[in-house]
>>> print(open('run_12.txt').read())   # compact mmCIF, C-alpha atoms and all ligand atoms
# COMPACT_ATOMS: atom_id res chain seq x y z
CA MET A 1 -23.78 15.57 -3.71
CA GLY A 2 -20.30 16.96 -3.98
CA GLU A 3 -18.35 19.05 -6.39
CA SER A 4 -14.78 20.20 -6.24
CA GLY A 5 -12.61 21.70 -8.96
CA SER A 6 -12.07 19.24 -11.77
CA TYR A 7 -13.25 16.43 -9.53
CA ALA A 8 -16.97 16.58 -10.08
CA CYS A 9 -19.04 13.78 -8.68
CA GLN A 10 -22.34 12.78 -7.27
CA TRP A 11 -22.10 10.21 -4.56
CA LYS A 12 -24.02 8.62 -1.76
CA VAL A 13 -22.74 6.77 1.28
CA SER A 14 -24.23 3.31 1.42
CA PHE A 15 -26.13 2.70 4.62
CA PRO A 16 -25.00 1.59 7.15
CA GLY A 17 -21.59 2.86 5.96
CA ILE A 18 -19.14 0.12 6.85
CA GLN A 19 -16.19 1.58 8.68
CA LEU A 20 -12.95 0.55 6.99
CA GLY A 21 -10.56 2.19 9.37
CA THR A 22 -10.11 4.74 12.11
CA GLY A 23 -7.21 6.85 13.18
CA CYS A 24 -6.79 9.31 16.00
CA PHE A 25 -8.66 12.00 14.13
CA GLY A 26 -10.26 10.53 11.07
CA ARG A 27 -12.26 7.64 9.79
CA VAL A 28 -12.67 5.87 6.48
CA VAL A 29 -16.06 4.58 5.37
CA LYS A 30 -16.96 2.26 2.50
CA ALA A 31 -19.42 3.90 0.12
CA GLU A 32 -20.83 3.82 -3.35
CA ALA A 33 -20.31 6.58 -5.90
CA VAL A 34 -22.75 7.20 -8.68
CA GLY A 35 -21.54 8.94 -11.85
CA LEU A 36 -17.93 9.46 -10.83
CA LYS A 37 -16.04 11.36 -13.48
CA ASP A 38 -13.86 9.09 -15.68
CA SER A 39 -15.32 5.95 -14.09
CA GLU A 40 -16.39 3.13 -16.40
CA GLU A 41 -18.86 1.74 -13.91
CA ALA A 42 -22.12 3.55 -13.14
CA VAL A 43 -21.84 2.61 -9.48
CA LYS A 44 -18.37 2.30 -8.01
CA THR A 45 -17.32 1.15 -4.58
CA ILE A 46 -15.16 3.83 -3.02
CA ALA A 47 -13.61 4.78 0.31
CA VAL A 48 -14.50 8.13 1.88
CA LYS A 49 -12.11 9.77 4.33
CA MET A 50 -13.51 12.26 6.81
CA VAL A 51 -12.61 13.81 10.13
CA ARG A 52 -14.16 12.38 13.26
CA SER A 53 -14.92 15.66 14.92
CA GLN A 54 -15.43 18.75 12.82
CA ALA A 55 -14.20 20.86 15.73
CA ASN A 56 -10.78 19.26 15.53
CA ILE A 57 -8.69 21.81 13.63
CA GLU A 58 -5.58 19.63 13.58
CA ALA A 59 -7.51 16.75 12.01
CA MET A 60 -9.08 19.04 9.45
CA GLU A 61 -5.70 20.51 8.51
CA ALA A 62 -4.25 17.02 8.09
CA LEU A 63 -7.10 16.01 5.76
CA ILE A 64 -6.82 19.21 3.70
CA SER A 65 -3.07 18.65 3.42
CA GLU A 66 -3.67 15.01 2.40
CA LEU A 67 -6.13 16.14 -0.29
CA LYS A 68 -3.63 18.65 -1.69
CA ILE A 69 -0.90 16.00 -1.84
CA LEU A 70 -3.23 13.49 -3.55
CA VAL A 71 -4.29 16.08 -6.14
CA TYR A 72 -0.64 16.92 -6.79
CA LEU A 73 0.46 13.26 -6.98
CA GLY A 74 -1.96 12.22 -9.70
CA SER A 75 -2.31 8.58 -10.58
CA HIS A 76 0.11 5.68 -10.05
CA LEU A 77 -0.62 1.96 -9.74
CA ASN A 78 1.15 1.66 -6.38
CA VAL A 79 -0.29 4.78 -4.78
CA VAL A 80 -3.87 4.99 -3.54
CA ASN A 81 -5.64 7.19 -6.08
CA LEU A 82 -7.85 10.17 -5.43
CA LEU A 83 -11.24 9.87 -7.12
CA GLY A 84 -12.86 13.06 -5.92
CA ALA A 85 -13.59 15.35 -3.01
CA CYS A 86 -16.50 17.19 -1.56
CA THR A 87 -15.29 20.56 -0.35
CA LYS A 88 -18.46 22.61 -0.65
CA GLN A 89 -19.13 22.81 3.06
CA ILE A 90 -15.49 23.08 4.07
CA HIS A 91 -16.13 26.32 5.98
CA LYS A 92 -18.62 24.40 8.11
CA GLY A 93 -16.00 21.79 8.85
CA GLU A 94 -17.13 19.26 6.29
CA LEU A 95 -14.61 17.65 3.97
CA PHE A 96 -14.91 14.29 2.27
CA VAL A 97 -11.97 12.86 0.38
CA ILE A 98 -12.85 10.00 -1.93
CA VAL A 99 -10.16 7.46 -2.74
CA GLU A 100 -10.20 4.11 -4.49
CA TYR A 101 -11.49 1.21 -2.42
CA CYS A 102 -8.87 -1.46 -1.69
CA ARG A 103 -10.81 -4.63 -1.02
CA PHE A 104 -8.16 -6.53 0.97
CA GLY A 105 -7.70 -3.71 3.48
CA ASN A 106 -4.40 -2.78 5.08
CA LEU A 107 -1.28 -4.89 4.81
CA GLN A 108 -0.70 -5.27 8.53
CA THR A 109 -4.13 -6.75 9.26
CA PHE A 110 -3.94 -8.90 6.13
CA LEU A 111 -0.62 -10.38 7.27
CA ILE A 112 -1.90 -11.08 10.77
CA ASN A 113 -5.02 -12.78 9.34
CA HIS A 114 -2.88 -15.04 7.16
CA ARG A 115 -0.23 -16.01 9.70
CA ASN A 116 -1.57 -19.52 10.20
CA SER A 117 -1.61 -20.35 6.53
CA PHE A 118 1.73 -18.83 5.51
CA VAL A 119 3.91 -20.90 3.16
CA ASN A 120 7.61 -20.28 3.76
CA LEU A 121 9.72 -20.63 0.64
CA VAL A 122 13.02 -19.71 2.30
CA ASP A 123 15.46 -22.48 3.29
CA GLU A 124 17.50 -22.62 6.49
CA PHE A 125 20.34 -20.65 4.86
CA GLY A 126 18.06 -17.76 3.94
CA ASN A 127 17.95 -18.70 0.24
CA LEU A 128 14.77 -18.73 -1.81
CA LYS A 129 13.73 -22.20 -2.90
CA THR A 130 13.83 -22.73 -6.65
CA GLN A 131 10.69 -23.47 -8.64
CA HIS A 132 11.86 -27.09 -8.95
CA GLU A 133 12.30 -27.43 -5.18
CA ILE A 134 8.87 -25.92 -4.61
CA GLU A 135 7.23 -28.32 -7.05
CA SER A 136 8.99 -31.41 -5.70
CA ASN A 137 8.47 -30.45 -2.06
CA ASN A 138 5.77 -32.06 0.00
CA PHE A 139 4.15 -28.95 1.38
CA THR A 140 1.46 -29.58 3.93
CA ARG A 141 -0.09 -26.56 2.32
CA LYS A 142 0.53 -25.46 -1.23
CA PRO A 143 1.03 -21.76 -1.88
CA THR A 144 -2.40 -20.88 -3.24
CA TYR A 145 -1.78 -17.26 -4.10
CA GLY A 146 0.47 -17.49 -7.10
CA ILE A 147 2.41 -14.77 -8.74
CA ASN A 148 2.64 -13.43 -12.22
CA PRO A 149 6.39 -12.92 -12.57
CA SER A 150 6.15 -10.58 -15.53
CA ILE A 151 4.36 -7.90 -13.55
CA PHE A 152 5.19 -9.00 -10.00
CA LEU A 153 1.58 -9.01 -8.94
CA ALA A 154 0.17 -11.52 -6.52
CA ASP A 155 -2.39 -13.55 -8.42
CA PHE A 156 -5.28 -13.57 -5.99
CA ASN A 157 -8.48 -15.53 -6.08
CA LEU A 158 -10.77 -12.67 -5.19
CA GLU A 159 -14.07 -14.43 -4.78
CA GLU A 160 -12.95 -16.85 -2.09
CA GLU A 161 -11.39 -14.07 -0.04
CA LEU A 162 -14.51 -12.01 -0.37
CA ASP A 163 -16.54 -14.86 1.06
CA GLY A 164 -14.57 -14.31 4.24
CA ASN A 165 -12.46 -17.38 3.56
CA LEU A 166 -9.15 -16.57 5.23
CA ASP A 167 -7.92 -20.10 4.74
CA ARG A 168 -6.14 -19.19 1.55
CA SER A 169 -2.43 -19.08 2.01
CA ILE A 170 0.14 -16.47 1.14
CA SER A 171 3.77 -17.30 0.56
CA THR A 172 7.21 -15.68 0.54
CA THR A 173 6.64 -14.82 -3.13
CA ASN A 174 3.70 -12.59 -2.23
CA LEU A 175 5.77 -10.78 0.40
CA ILE A 176 8.54 -10.16 -2.14
CA SER A 177 6.00 -8.93 -4.67
CA TRP A 178 4.61 -6.42 -2.14
CA SER A 179 8.11 -5.26 -1.16
CA PHE A 180 8.75 -4.53 -4.84
CA GLN A 181 5.46 -2.73 -5.37
CA MET A 182 5.91 -0.59 -2.25
CA ALA A 183 9.39 0.45 -3.44
CA ARG A 184 7.90 1.34 -6.81
CA GLY A 185 5.16 3.46 -5.19
CA MET A 186 7.72 5.19 -2.99
CA ASP A 187 10.02 5.76 -5.97
CA TYR A 188 7.14 7.59 -7.63
CA LEU A 189 6.76 9.79 -4.53
CA VAL A 190 10.49 10.59 -4.66
CA SER A 191 10.17 11.52 -8.36
CA LYS A 192 7.42 13.97 -7.34
CA LYS A 193 9.51 15.28 -4.42
CA VAL A 194 6.93 14.14 -1.91
CA LEU A 195 7.92 12.83 1.50
CA HIS A 196 5.47 10.34 3.06
CA GLY A 197 6.45 10.69 6.72
CA ASP A 198 4.35 7.78 8.02
CA LEU A 199 5.29 4.74 5.96
CA ALA A 200 4.15 1.62 7.85
CA ALA A 201 2.34 -1.64 6.99
CA ARG A 202 -0.89 -0.18 8.41
CA ASN A 203 -0.67 2.52 5.71
CA ILE A 204 -0.26 0.13 2.78
CA LEU A 205 -3.52 -1.00 1.18
CA LEU A 206 -4.11 -4.12 -0.88
CA ALA A 207 -6.36 -3.75 -3.90
CA ASP A 208 -7.61 -6.12 -6.63
CA ASP A 209 -5.02 -8.66 -7.82
CA GLY A 210 -3.08 -8.05 -4.60
CA VAL A 211 -1.75 -4.71 -5.81
CA ALA A 212 -0.02 -2.90 -2.93
CA LYS A 213 -0.71 0.82 -2.69
CA VAL A 214 0.99 3.42 -0.53
CA ALA A 215 -1.78 5.28 1.33
CA ASP A 216 -2.40 7.75 4.15
CA PHE A 217 -0.78 11.04 3.24
CA GLY A 218 -1.81 12.90 6.39
CA MET A 219 1.84 13.46 7.37
CA ALA A 220 3.17 13.82 3.82
CA LYS A 221 4.99 16.95 2.63
CA LYS A 222 5.82 18.35 -0.78
CA MET A 223 9.50 19.30 -0.71
CA TYR A 224 9.59 22.52 -2.70
CA TYR A 225 13.08 23.89 -2.33
CA GLU A 226 14.89 21.63 0.11
CA ASP A 227 15.51 17.90 0.21
CA CYS A 228 14.57 17.64 3.84
CA TYR A 229 12.50 19.52 6.36
CA GLU A 230 12.45 20.08 10.08
CA LYS A 231 9.19 19.15 11.69
CA ARG A 232 7.91 21.75 14.13
CA GLY A 233 5.10 21.63 16.63
CA GLN A 234 3.70 18.95 18.84
CA GLY A 235 1.99 16.45 16.53
CA LEU A 236 1.90 12.72 17.21
CA LEU A 237 4.77 10.78 15.67
CA PRO A 238 5.23 7.11 14.75
CA VAL A 239 8.48 6.61 16.69
CA ASN A 240 9.05 2.94 15.93
CA TRP A 241 9.11 3.67 12.20
CA MET A 242 11.22 6.82 12.43
CA ALA A 243 14.79 7.28 11.25
CA ILE A 244 17.54 8.16 13.68
CA GLU A 245 17.79 11.79 12.43
CA SER A 246 14.01 12.22 12.74
CA LEU A 247 14.14 10.97 16.34
CA THR A 248 17.04 13.18 17.35
CA ASP A 249 16.71 16.30 15.20
CA ARG A 250 13.20 16.11 13.68
CA ILE A 251 14.75 15.91 10.23
CA PHE A 252 12.54 14.20 7.63
CA SER A 253 13.51 13.41 4.03
CA SER A 254 13.02 10.74 1.37
CA GLN A 255 15.97 8.98 3.02
CA SER A 256 14.06 8.88 6.33
CA ASP A 257 11.22 7.27 4.33
CA VAL A 258 13.81 4.67 3.27
CA TRP A 259 14.46 3.89 6.95
CA SER A 260 10.70 3.44 7.48
CA TYR A 261 10.57 1.21 4.40
CA GLY A 262 13.19 -1.01 6.10
CA ILE A 263 10.85 -1.23 9.11
CA VAL A 264 7.94 -2.14 6.77
CA LEU A 265 10.11 -4.94 5.32
CA TRP A 266 10.60 -6.16 8.87
CA GLU A 267 6.82 -6.03 9.48
CA LEU A 268 6.23 -7.85 6.20
CA PHE A 269 8.56 -10.77 6.94
CA SER A 270 7.46 -11.03 10.57
CA LEU A 271 3.86 -11.25 9.34
CA GLY A 272 2.57 -8.08 10.95
CA ARG A 273 4.42 -7.93 14.27
CA VAL A 274 4.95 -4.56 15.93
CA PRO A 275 8.57 -3.41 15.39
CA TYR A 276 11.05 -3.62 18.30
CA PRO A 277 9.12 -6.35 20.14
CA GLY A 278 9.81 -6.59 23.82
CA TRP A 279 10.75 -2.96 24.25
CA THR A 280 8.85 -1.08 26.89
CA PHE A 281 7.84 2.40 25.99
CA PRO A 282 7.92 5.48 28.17
CA SER A 283 4.74 6.93 29.60
CA ILE A 284 4.51 9.70 27.01
CA ILE A 285 3.62 7.17 24.32
CA LYS A 286 0.12 7.64 23.07
CA MET A 287 -1.63 4.83 21.33
CA ASN A 288 -3.94 5.75 18.54
CA CYS A 289 -7.35 4.17 18.30
CA ARG A 290 -5.96 1.09 16.56
CA GLY A 291 -3.30 0.65 19.22
CA TYR A 292 -0.31 1.85 17.24
CA GLU A 293 2.48 3.77 18.79
CA TYR A 294 2.43 7.43 18.01
CA VAL A 295 4.25 9.63 20.43
CA SER A 296 3.69 13.21 21.39
CA VAL A 297 7.14 14.40 22.32
CA ASN A 298 9.67 17.13 22.29
CA LEU A 299 11.86 14.97 20.12
CA GLY A 300 15.53 15.28 20.88
CA MET A 301 14.70 16.55 24.38
CA ASP A 302 13.33 13.18 25.28
CA VAL A 303 16.50 11.64 26.65
CA GLY A 304 14.37 9.21 28.62
CA HIS A 305 13.45 7.35 25.51
CA ILE A 306 15.33 4.10 26.04
CA LEU A 307 14.77 2.71 22.59
CA MET A 308 16.01 5.91 20.98
CA LYS A 309 19.21 5.74 23.03
CA GLU A 310 19.76 2.15 21.98
CA ILE A 311 19.23 2.99 18.31
CA LEU A 312 21.73 5.85 18.67
CA ASN A 313 24.18 3.35 20.15
CA GLY A 314 23.82 1.20 17.04
CA TYR A 315 21.11 -1.26 18.06
CA ARG A 316 19.05 -2.60 15.13
CA MET A 317 16.43 -5.34 14.85
CA ASP A 318 17.51 -8.75 13.51
CA LYS A 319 16.33 -10.09 10.18
CA PRO A 320 13.01 -11.91 10.73
CA GLU A 321 13.37 -15.67 10.27
CA LEU A 322 11.05 -15.72 7.26
CA ALA A 323 13.03 -13.12 5.32
CA PRO A 324 15.41 -14.19 2.54
CA LYS A 325 19.04 -13.30 3.31
CA PHE A 326 19.21 -10.41 0.86
CA PHE A 327 16.30 -8.70 2.62
CA GLY A 328 18.27 -8.83 5.89
CA GLU A 329 21.05 -6.92 4.12
CA MET A 330 18.55 -4.50 2.61
CA MET A 331 17.00 -3.75 6.03
CA ALA A 332 20.46 -3.12 7.53
CA ASP A 333 21.22 -0.74 4.63
CA CYS A 334 17.93 1.14 5.15
CA TRP A 335 18.86 1.61 8.81
CA LYS A 336 22.33 3.09 8.24
CA SER A 337 22.90 6.04 10.55
CA ASP A 338 24.04 8.30 7.70
CA PRO A 339 20.99 8.97 5.48
CA LYS A 340 23.25 9.39 2.43
CA GLU A 341 24.52 5.83 2.80
CA ARG A 342 21.02 4.34 2.60
CA PRO A 343 19.88 2.88 -0.73
CA THR A 344 17.32 4.69 -2.87
CA PHE A 345 13.91 3.17 -3.63
CA SER A 346 14.89 2.81 -7.25
CA GLN A 347 18.02 0.83 -6.33
CA MET A 348 15.98 -1.45 -4.05
CA GLU A 349 13.41 -2.06 -6.81
CA LYS A 350 16.23 -3.31 -9.04
CA VAL A 351 17.72 -5.55 -6.33
CA ILE A 352 14.33 -7.14 -5.56
CA CYS A 353 13.60 -7.56 -9.26
CA GLY A 354 16.97 -9.30 -9.79
CA HIS A 355 16.32 -11.80 -7.00
CA MET A 356 12.79 -12.52 -8.25
CA GLU A 357 14.02 -13.18 -11.76
CA SER A 358 16.68 -15.60 -10.59
CA SER A 359 14.19 -17.58 -8.46
CA VAL A 360 11.20 -18.00 -10.80
N1 LIG B 401 -8.99 1.36 4.88
C1 LIG B 401 -8.53 2.61 4.85
N2 LIG B 401 -8.61 3.10 3.60
C2 LIG B 401 -9.13 2.12 2.82
C3 LIG B 401 -9.41 2.00 1.44
N3 LIG B 401 -9.19 3.00 0.61
N4 LIG B 401 -9.91 0.84 0.99
C4 LIG B 401 -10.12 -0.17 1.85
N5 LIG B 401 -9.86 -0.14 3.16
C5 LIG B 401 -9.35 1.00 3.64
>>> encode(input="run_12.txt", output="structure tokens", more="lines below")
Ligand code: ADE
Amino acid sequence: MGESGSYACQWKVSFPGIQLGTGCFGRVVKAEAVGLKDSEEAVKTIAVKMVRSQANIEAMEALISELKILVYLGSHLNVVNLLGACTKQIHKGELFVIVEYCRFGNLQTFLINHRNSFVNLVDEFGNLKTQHEIESNNFTRKPTYGINPSIFLADFNLEEELDGNLDRSISTTNLISWSFQMARGMDYLVSKKVLHGDLAARNILLADDGVAKVADFGMAKKMYYEDCYEKRGQGLLPVNWMAIESLTDRIFSSQSDVWSYGIVLWELFSLGRVPYPGWTFPSIIKMNCRGYEYVSVNLGMDVGHILMKEILNGYRMDKPELAPKFFGEMMADCWKSDPKERPTFSQMEKVICGHMESSV
């Protein structure tokens, strides 16, 4: 039973609670909520976020901060929505944050699971094939996840996927649709003056109809008076996704989120590869429980960080082979050294939209 502010609910965790994800500090468990406020269904599948160890103050603070951000953000299609929270026992170290359940899990794992069945709709010049070319082409495998061009949603066949059938294929069109939806979710965050701070494919969730939702607000910040903030302290940081100014001066802003978005585009069109492949990392790198690179560093002091030096010298990743040409240009723009020269999420939404309209 839990009750918190306007979020009143009565919920039980289904046994044995299936673990949906783990991080360094927290875990997410699949559960069922009974009588959730504003829910049409009597029983609703939900995801419950909790800390792993109640003694971990840092983890608890991150979850409290995430809850505050989610309450403040309210509801948007491309942001994972808060359904409720149980804060009654917070003084005893108990906090449960209930968010909507996204049945296809995180984008990175989804991409990896569908690598073998991917249908590439980009020709050798980096142009998107036209509908006519797609129809007249002899694909060994037809793109089975279609797309509804009016709303840019991937048109998924849910039942087959739920049966554990990973044989369904995704195509370039789905990747473009997700890139659009992520930009739209991030644009909403910008409109609310919220900085995400950890945008990565692992933190994008896929819900019904293939809707992409920005999730994981543990590192997010509400920008009250300034447009950027200087991160203090020793927390773990996702270096491979971080903008140049965050690496050197710990400066985070919506424009550093744009850099990370460029990295997510790279992950998307490389079907879930880890960014900067082939680079060896220094010993201070800490992997989180899922094996991702978060680093505990005195940023800026860490002159030994080879990758950081290379990025400062102008090194950038190449466009993945599967990405249409215009996405290569968009990634390069997201990774401009001067944050002011990077595009905004709203501009990128329009560019993606324009290319989709001319290809379908
Ligand atoms: N993994 C982490 N959070 C999740 C959610 N809300 N739904 C499904 N899988 C998840």
>>> atom_distance(input="run_12.txt", atom1="atom CA of Leu63 of chain A", atom2="atom CA of Ser260 of chain A")
21.9 Å
>>> closest_residue(input="run_12.txt", among="A:Tyr72, A:Phe96, A:Tyr101, A:Phe118", to="ligand LIG 401 (chain B)", atoms="all atoms listed in the file")
A:Tyr101
>>> residues_near_point(input="run_12.txt", point="(22.3, 13.5, 14.2)", cutoff="10 Å", atoms="only C-alpha atoms", output="JSON list (two decimals) with C-alpha atoms, in the coordinates of the input")
[["chain", "number", "residue", "atom", "x", "y", "z"],
["A", 244, "ILE", "CA", 17.54, 8.16, 13.68],
["A", 245, "GLU", "CA", 17.79, 11.79, 12.43],
["A", 246, "SER", "CA", 14.01, 12.22, 12.74],
["A", 247, "LEU", "CA", 14.14, 10.97, 16.34],
["A", 248, "THR", "CA", 17.04, 13.18, 17.35],
["A", 249, "ASP", "CA", 16.71, 16.30, 15.20],
["A", 250, "ARG", "CA", 13.20, 16.11, 13.68],
["A", 251, "ILE", "CA", 14.75, 15.91, 10.23],
["A", 300, "GLY", "CA", 15.53, 15.28, 20.88],
["A", 312, "LEU", "CA", 21.73, 5.85, 18.67],
["A", 337, "SER", "CA", 22.90, 6.04, 10.55],
["A", 338, "ASP", "CA", 24.04, 8.30, 7.70],
["A", 339, "PRO", "CA", 20.99, 8.97, 5.48]]
>>> residues_near_ligand(input="run_12.txt", ligand="ligand LIG 401 (chain B)", cutoff="8 Å", atoms="all atoms listed in the file", output="PyMOL selection string")
chain A and resi 20-22+27-30+46-49+80+99-106+203+205-207+215-216
>>> axis_aligned_box(input="run_12.txt", around="segment 329-344 of chain A", padding_each_side="6 Å", output="AutoDock Vina command-line options")
--center_x 20.8 --center_y 1.2 --center_z 3.8 --size_x 19.5 --size_y 28.3 --size_z 25.4
>>> atom_distance(input="run_12.txt", atom1="atom CA of Ile306 of chain A", atom2="atom CA of Lys336 of chain A")
19.2 Å
>>> atom_distance(input="run_12.txt", atom1="atom CA of Ala220 of chain A", atom2="atom CA of Glu58 of chain A")
14.3 Å
>>> residues_around(input="run_12.txt", residues="Lys44 of chain A", least_positions_apart="2", cutoff="7 Å", atoms="all atoms listed in the file", output="JSON, numbers by chain")
{"A": [32, 33, 34, 41, 42, 46]}
>>> decode(input="run_12.txt", residues="segment 350-358 of chain A", atoms="all heavy atoms", output="mmCIF file, in the first residue's frame")
data_model
loop_
_atom_site.group_PDB
_atom_site.id
_atom_site.type_symbol
_atom_site.label_atom_id
_atom_site.label_comp_id
_atom_site.auth_asym_id
_atom_site.auth_seq_id
_atom_site.Cartn_x
_atom_site.Cartn_y
_atom_site.Cartn_z
ATOM 1 N N LYS A 350 12.406 18.990 -36.965
ATOM 2 C CA LYS A 350 11.911 19.472 -38.268
ATOM 3 C C LYS A 350 12.713 18.847 -39.418
ATOM 4 O O LYS A 350 12.141 18.453 -40.433
ATOM 5 C CB LYS A 350 12.007 20.993 -38.326
ATOM 6 C CG LYS A 350 11.011 21.642 -37.382
ATOM 7 C CD LYS A 350 10.845 23.134 -37.638
ATOM 8 C CE LYS A 350 9.889 23.729 -36.626
ATOM 9 N NZ LYS A 350 10.552 24.170 -35.397
ATOM 10 N N VAL A 351 14.038 18.755 -39.240
ATOM 11 C CA VAL A 351 14.870 18.166 -40.299
ATOM 12 C C VAL A 351 14.462 16.706 -40.532
ATOM 13 O O VAL A 351 14.250 16.273 -41.668
ATOM 14 C CB VAL A 351 16.376 18.260 -39.920
ATOM 15 C CG1 VAL A 351 17.236 17.468 -40.883
ATOM 16 C CG2 VAL A 351 16.827 19.711 -39.863
ATOM 17 N N ILE A 352 14.309 15.960 -39.433
ATOM 18 C CA ILE A 352 13.967 14.530 -39.563
ATOM 19 C C ILE A 352 12.604 14.397 -40.243
ATOM 20 O O ILE A 352 12.409 13.582 -41.162
ATOM 21 C CB ILE A 352 13.984 13.822 -38.187
ATOM 22 C CG1 ILE A 352 15.393 13.902 -37.572
ATOM 23 C CG2 ILE A 352 13.548 12.358 -38.323
ATOM 24 C CD1 ILE A 352 15.464 13.516 -36.102
ATOM 25 N N CYS A 353 11.663 15.214 -39.784
ATOM 26 C CA CYS A 353 10.311 15.203 -40.322
ATOM 27 C C CYS A 353 10.338 15.446 -41.838
ATOM 28 O O CYS A 353 9.694 14.733 -42.601
ATOM 29 C CB CYS A 353 9.554 16.347 -39.668
ATOM 30 S SG CYS A 353 7.928 15.938 -39.209
ATOM 31 N N GLY A 354 11.120 16.439 -42.256
ATOM 32 C CA GLY A 354 11.233 16.788 -43.680
ATOM 33 C C GLY A 354 11.728 15.605 -44.498
ATOM 34 O O GLY A 354 11.181 15.294 -45.559
ATOM 35 N N HIS A 355 12.745 14.914 -43.993
ATOM 36 C CA HIS A 355 13.298 13.778 -44.735
ATOM 37 C C HIS A 355 12.312 12.603 -44.766
ATOM 38 O O HIS A 355 12.247 11.883 -45.761
ATOM 39 C CB HIS A 355 14.622 13.338 -44.115
ATOM 40 C CG HIS A 355 15.760 14.203 -44.541
ATOM 41 N ND1 HIS A 355 16.476 13.986 -45.700
ATOM 42 C CD2 HIS A 355 16.281 15.313 -43.976
ATOM 43 C CE1 HIS A 355 17.402 14.920 -45.817
ATOM 44 N NE2 HIS A 355 17.309 15.739 -44.778
ATOM 45 N N MET A 356 11.563 12.430 -43.694
ATOM 46 C CA MET A 356 10.574 11.335 -43.666
ATOM 47 C C MET A 356 9.492 11.603 -44.698
ATOM 48 O O MET A 356 9.084 10.718 -45.434
ATOM 49 C CB MET A 356 9.900 11.234 -42.282
ATOM 50 C CG MET A 356 10.735 10.581 -41.231
ATOM 51 S SD MET A 356 11.225 8.931 -41.689
ATOM 52 C CE MET A 356 9.716 8.047 -41.444
ATOM 53 N N GLU A 357 9.044 12.846 -44.733
ATOM 54 C CA GLU A 357 7.942 13.186 -45.643
ATOM 55 C C GLU A 357 8.350 13.009 -47.104
ATOM 56 O O GLU A 357 7.565 12.566 -47.920
ATOM 57 C CB GLU A 357 7.463 14.624 -45.386
ATOM 58 C CG GLU A 357 6.391 14.650 -44.318
ATOM 59 C CD GLU A 357 6.216 16.021 -43.702
ATOM 60 O OE1 GLU A 357 6.850 16.984 -44.155
ATOM 61 O OE2 GLU A 357 5.438 16.098 -42.744
ATOM 62 N N SER A 358 9.628 13.328 -47.392
ATOM 63 C CA SER A 358 10.033 13.201 -48.792
ATOM 64 C C SER A 358 10.316 11.745 -49.183
ATOM 65 O O SER A 358 10.430 11.442 -50.351
ATOM 66 C CB SER A 358 11.257 14.074 -49.069
ATOM 67 O OG SER A 358 12.286 13.731 -48.189
#
